[in-house]
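Inspection log for the structure reproduced underneath, given as structure tokens.
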Amino acid sequence: MIPAPQSDSARLITPTMLVLGLVLATVPLWIARVGLYPYLGIEILIWSLYALAFNLVLGTAGLPSFGHGAYFGIGAYAFGLCQFNVVANLWACLAAAFAVAGLAGALVALFISHRRGIYYAFMTIAFGQIFWTVAIKSHKVTGGEDGLLKIARLPADFGFASFDLAGNVAFYYFVLIVFGIAVIALWRLVHSPYGRVIAAIKQSETRAAHLGYNVWLYKASIFVLSAAVSGFAGGLFAMAQLAAFPDVMSLHQSGYVVMMTLVGGGLVSFWGPVIGVFLFLIARDVIGAMTNAWMLYFGLLFIAVVLFRPEGVAGAIMAAWQNRSLNSMRQQGGTALRLLFGGGRWR
Amino acid sequence: MFDLLPHILNGLTLGLLFALIALGFMLIVGLMEQINLAHGSLFALGAYFAMQLMGPRPPFPADLAQSWLALPLGWRYAATLILAPAAVGLVGIAIEFCMRRTYGKDPLYGLLLTFGAAMVIEEMIRLTWGTRDYVLQVPQAVNGGFIFGDLIWSTYRFYAAGIAAAVIGLVWLLIEKTSFGATVKAGAHDSEIVRALGINLTRLRLLVFVFGTMLAAIAGIIVAPIWGIRPHMGVDAVIPAFLVIVLGGVGSFWGAVVAGLLVGLAVGLSGAYASEWSLLSMYVLLVAVVTFRARGLWGKKSVLEA
Amino acid sequence: MKQREISRRSVLQGSLMASALAGTASYFGPWKENRVWAQGAAKPIKLGLTCDASGQYGNSGQDDLRGIQMAIDEANAKGGVLGRKITWITADTETTPATGSRLAERFITREDCTILIGAVHSGVANAITQVAAKNGVIYLNTNSSAPSEAGENCSRIKFVWDGNGTNFSKASVANAVNSIGKNWMLLTNDYVWGHTTSAATKAQVEGAGGKIVDNLLVPQNTRDFTAYLLKIQQAKPDVVATAVGGDDIKALREQVAQLKLDGKPAWINNQQDWPDVWGSPDSLFGVFGTTWYHKLALPGVADFVKKWQATNKEGSIPVPGNVSYNGYMATRELLRAIERAGSTNNVKIIKELENLKVSATDRMQHFDAYMDPVTHQMQQTIYLARRNPKPADKTDLYEIISWTEPKAVADTDAQAKCKLVPYEQVPTVDS
């Protein structure tokens with residue numbers, strides 16, 4: 001297996017993060033030249049954050065949650081409603097998105113955390129459907145299928161200076177900074193003692209329970225955390241779209257985040273979900289511009305991944321790398337690989 | 001009270017349909033411990049194939065098509081009930097061949113594979129038949145309505161519920177009362193024993209999977225005249241099917257049937273008295289049951305909860 | 001809604017820094033925020049067509065697209081507009097608002113489209129409107145019939161071309177209360193369009209002296225209507241007015257047809273879109289509204305149908321219906337407005353469209369139509385139809401039973417709800 005240096009999982013910022021951050025920082029300079037556009041960059045970053053949050057539950061804890069779109073959507077509504085009814089402050093409303101989605105997650109966690117496997121999976125679907133229906137029904141609050149419109153990209157006010165985020169480039173940089181901070185926080189989280197207990201529960205709930213851990217509490221807390229960060233991403237998405245709609249909460253859209261996470265390799269790598277989101281959203285944009293049947297091709301690709309590379313793209317890259325240059329890498333200190341994965345195997 | 005009775009009756013017929021929709025899904029879950037998310041797409045495919053067979057342009061060579069069209073509607077319908085599921089069974093074989101690679105791994109992979117297959121089948125349907133709607137013709141004898149207790153009832157609905165009950169009964173007999181059923185059940189619980197008995201496990205799994213897909217197709221044909229035929233109908237079917245299985249409990253035949261009836265009653269009664277909640281009622285029912293019962297109504301221990 | 005209070009000074013500081021950032025970006029790359037489009041001599045005018053190809057309205061979206069393309073082809077055959085060719089790009093908006101937002105961003109910032117056309121679902125239409133408004137890009141909502149589109153969700157850059165739920169209720173209800181009966185039951189899809197449409201129906205029924213005996217809410221994605229049909233039989237109303245849309249109305253139609261419940265009570269279905277009707281012609285029932293029919297006995301209709309068929313031989317729908325018609329009319333009037341304005345400046349085109357008047361002959365409808373400058377909704381003839389007992393051919397499904405002039409069915413409440421921003425606040429766009 002990949003010799004992930006112990007130091008990486010102890011680091012606050014890994015080389016991968018640095019390189020990824022630097023590359024992403026230059027995106028607005030060249031994205032139009034490669035035939036894409038800045039808004040796509042914004043959407044990719046937000047979905048990456050959402051997928052990373054989702055992978056806390058699926059990859060880190062091994063809990064099949066198939067209704068996660070609900071929390072993403074709730075975050076978007078919370079952001080908009082905070083802006084309209086409480087205070088039009090970016091920080092307050094992002095905090096609201098985080099908190100309200102976390103609360104919704106906590107409510108659901110109460111019902112599901114003592115369940116496993118297929119029963120857990122379907123309970124998350126059921127709650128996802130309930131939240132989605134309530135969002136469509138409560139049109140006095142949410143605008144129903146018309147959406148909660150006219151959400152503003154609030155300025156980032158630091159007291160001494162305030163940044164206008166209305167433009168796509170400014171907003172891209174804001175999302176990038178937030179994304180960077182969130183990635184560091186999530187990286188620390190999965191490598192903390194808490195994260196290791198979660199990973200132990202993924203291996204065997206029974207064993208973890210025998211070791212004296214309160215399995216229920218760990219399962220519930222990671223779900224709440226995941227829901228809260230998903231909601232935070234949803235708040236950013238409301239700003240990107242200038243509106244919030246119920247559709248992201250549907251089962252269909254919840255399925256997308258599962259697909260992205262798995263195709264990327266979320267089960268074996270911290271960065272898997274990010275790889276998946278990049279692939280999915282760029283493929284959708286490029287293939288979608290050429291054919292209306294892009295889902296057919298993506299479906300076929302997905303089948304191929306499940307059949308031949310069930311560890312996803314991240315797993316495939318790691319395996320390829322491992323065969324070729326395990327030794328040479330060791331001699332070189334594994335820098336190139338670390339740049340790619342930052343000791344991506346955290347398990 | 002007399003106002004309530006028709007709604008209970010309606011809920012029960014609806015429940016039988018839900019149980020029929022879930023039947024193929026249940027067999028594959030119960031006997032193979034695999035979740036077939038392509039169930040809905042196969043359900044849709046059954047309806048589309050049937051529509052093609054019953055329509056003005058059957059997929060046969062010209063002379064055969066002539067004599068096919070000359071048959072009375074009832075005969076064609078009866079033949080379609082066999083031919084369309086058989087064709088869907090072929091698709092089932094293809095999926096099972098892919099699925100073999102995931103046996104013995106985390107059941108999540110089977111679920112994902114069939115999710116991908118569902119996407120592909122739905123897109124294929126869209127490319128072949130377009131996004132428009134179709135209607136499945138049915139024989140005059142089961143069409144129309146009849147009057148009972150001052151109300152007009154759909155003949156087809158009772159016919160469909162009757163078929164559902166019959167299919168459920170036959171499947172139960174097949175599993176519980178035949179040697180085939182005994183082998184299948186043994187294979188599901190202990191593949192070692194089946195191998196020791198010299199039974200070809202690969203073929204056994206293929207048989208079970210194909211049987212499950214054909215049941216999906218039959219459900220599609222039976223439900224199509226009520227729901228209509230459109231590409232999205234697969235998604236409309238797979239969610240309730242999955243829900244019924246989880247509610248009834250994995251591995252429990254009668255659990256699924258009872259769950260189907262309960263869901264039907266919940267949807268039917270809430271449709272009449274709290275109509276805006278009728279679709280949510282099945283989810284609320286599930287949450288209420290699974291919150292208190294770890295494995296649904298009568299679920300057995302299974303790798304699907306690992 | 002609270003006013004946002006942002007200190008002016010801090011915004012200035014921030015925007016200085018942001019523009020410094022953006023400035024560097026434009027120095028290095030070709031892309032920059034609020035791009036000023038270069039004024040080329042014979043540069044084509046590029047339209048972004050935001051039409052659903054999948055999802056609930058995939059079928060209607062593609063029919064919309066056929067009408068839009070026809071208008072573009074006609075303009076190009078005449079040498080284009082202002083001597084410039086019209087080009088277009090389309091992609092599937094998937095009946096999903098998030099996809100609508102992204103494609104609108106793509107079409108505007110990446111493909112340099114200066115006008116967007118196409119919508120069926122009001123959520124998708126609103127998502128596109130948000131992006132278009134931010135960039136000052138004109139957007140034609142061709143087929144979303146939610147009353148809110150020309151009410152609280154109206155926009156200076158958006159023009160709505162379909163009749164809405166209120167228009168159809170006004171055309172059908174009062175007459176039916178008098179001729180059929182006073183006891184009405186409502187069947188309402190439980191989302192915004194359903195609720196606003198049923199509210200309009202209720203007001204009309206009560207205004208005409210009728211009474212609503214019950215309002216059954218139908219959740220989205222309902223496939224089995226037996227419980228509702230039983231309930232309706234138990235309540236025995238004179239008329240059932242439905243505001244049920246999408247796949248739900250198709251399932252309802254099939255079930256009503258099967259039971260032959262389409263005679264008594266009488267059914268009033270708000271609006272039926274031709275692509276939905278053509279899919280299952282046998283289950284057409286009740287009285288319903290439309291804005292156009294391909295067998296209207298008016299000059300020009302037959303020619304239009306022939307031209308449409310010539311370019312759409314392969315399609316699954318053999319004749320143009322109201323959806324394709326709306327797409328065609330919206331696009332044609334837009335291109336004419338550009339010609340009249342003599343400019344592709346967005347505000348000049350908007351002003352032309354706001355003063356739009358189209359003669360009945362030109363619209364192929366019974367009455368003259370006009371754009372309401374306050375709500376940006378096209379005010380047009382509303383037709384009521386029912387199933388044709390004596391069809392001339394297999395596409396002849398409707399019997400048109402009445403046509404009402406625009407003034408009589410105007411949505412008078414919308415004007416108070418719609419607030420358009422002043423022209424100065426619309427970012428300038430030119431192509």
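Here's how to read the names in the structure tokens: chain A, B, ... by the order shown, residue numbers from 1 in each chain, ligand numbers from 1 in the order shown.
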Exercise answer, chain B residues close to chain A, 8 Å and only C-alpha atoms, as a PyMOL selection string: chain B and resi 98-99+101-102+109+112-113+116-117+119-120+123-124+127+242-243+246+280+283-284+286-287+290-291+294-296+304-306
7 Å contacts from chain A to chain C using only C-alpha atoms, as a short mmCIF file (atom, residue, chain, number, x, y, z; two decimals) with C-alpha atoms, in the first residue's frame:
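Written out: out-v1.cif:
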data_model
loop_
_atom_site.label_atom_id
_atom_site.label_comp_id
_atom_site.auth_asym_id
_atom_site.auth_seq_id
_atom_site.Cartn_x
_atom_site.Cartn_y
_atom_site.Cartn_z
CA PRO A 28 -9.83 32.48 -13.10
CA LEU A 29 -6.76 33.37 -15.14
CA TRP A 30 -7.08 30.49 -17.56
CA ALA A 32 -11.96 30.76 -20.15
CA LEU A 36 -15.00 26.79 -19.40
CA TYR A 37 -16.25 29.71 -17.30
CA TYR A 39 -19.21 30.05 -12.51
CA PHE A 84 -34.20 38.35 4.50
CA ASN A 85 -35.56 38.05 8.02
CA ALA A 88 -28.06 40.64 6.09
CA ILE A 136 -42.03 22.29 -1.67
CA LYS A 137 -45.15 22.53 0.45
CA HIS A 139 -44.13 27.88 -0.22
CA GLY A 144 -42.01 26.28 -3.24
CA GLU A 145 -40.93 25.21 -6.72
CA ASP A 146 -40.63 28.89 -7.73
CA GLY A 147 -37.67 29.04 -5.37
CA ALA A 161 -12.55 46.31 4.95
CA SER A 162 -15.47 44.88 3.07
CA PHE A 163 -15.23 42.85 -0.10
CA ASP A 164 -17.94 42.93 -2.69
CA GLY A 167 -18.82 39.32 -9.35
CA VAL A 169 -14.28 36.10 -9.81
CA ALA A 170 -14.46 37.78 -6.41
CA GLN A 241 -27.29 30.71 -7.64
CA LEU A 242 -28.72 33.91 -6.13
CA PHE A 245 -34.65 25.72 -4.87
CA ASP A 247 -34.69 20.35 -6.30
CA GLY A 288 -23.80 17.97 -21.94
CA ALA A 289 -23.03 20.67 -24.49
CA ASN A 292 -28.60 15.44 -24.42
#
Tell me the residues of chain C close to chain B, meaning within 6 Å using only C-alpha atoms, as an mmCIF file with C-alpha atoms, in the first residue's frame.
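Contents of the output file part00.cif:
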data_model
loop_
_atom_site.group_PDB
_atom_site.id
_atom_site.type_symbol
_atom_site.label_atom_id
_atom_site.label_comp_id
_atom_site.auth_asym_id
_atom_site.auth_seq_id
_atom_site.Cartn_x
_atom_site.Cartn_y
_atom_site.Cartn_z
ATOM 1 C CA ASN C 59 -41.058 16.506 -23.818
ATOM 2 C CA LEU C 217 -54.635 18.770 -2.385
ATOM 3 C CA VAL C 218 -52.691 16.395 -4.605
ATOM 4 C CA PRO C 219 -49.027 15.913 -3.688
ATOM 5 C CA ARG C 223 -49.731 8.343 -9.567
ATOM 6 C CA ALA C 227 -58.835 7.844 -3.460
ATOM 7 C CA ALA C 251 -52.011 9.720 -14.743
ATOM 8 C CA GLN C 258 -60.896 4.342 -17.589
ATOM 9 C CA LEU C 259 -63.765 4.942 -15.189
ATOM 10 C CA GLY C 279 -49.071 11.403 -25.752
#
Between CA of Lys46 (chain C) and CA of Asn345 (chain C) - distance in Å to one decimal: 13.5 Å
Pairwise distance for CA of Val235 (chain B) and CA of Leu279 (chain A), rounded to one decimal in Å: 25.0 Å
Contacts of region 350-364 of chain C at 8 Å (only C-alpha atoms; same-chain gap of 2+ positions) as a PyMOL selection string: chain C and resi 138+156-157+298-301+329+333-334+337-338+340-341+346-348+366-373+376
DSSP-assigned strand (DSSP E or B) members of region 135-299 of chain B, reported as a list in words: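 So the strand (DSSP E or B) residues in region 135-299 of chain B would be Gly145, Phe146, Ile147, Phe148, Leu151, Ile152, Trp153, Ser154 and Ile229 of chain B.
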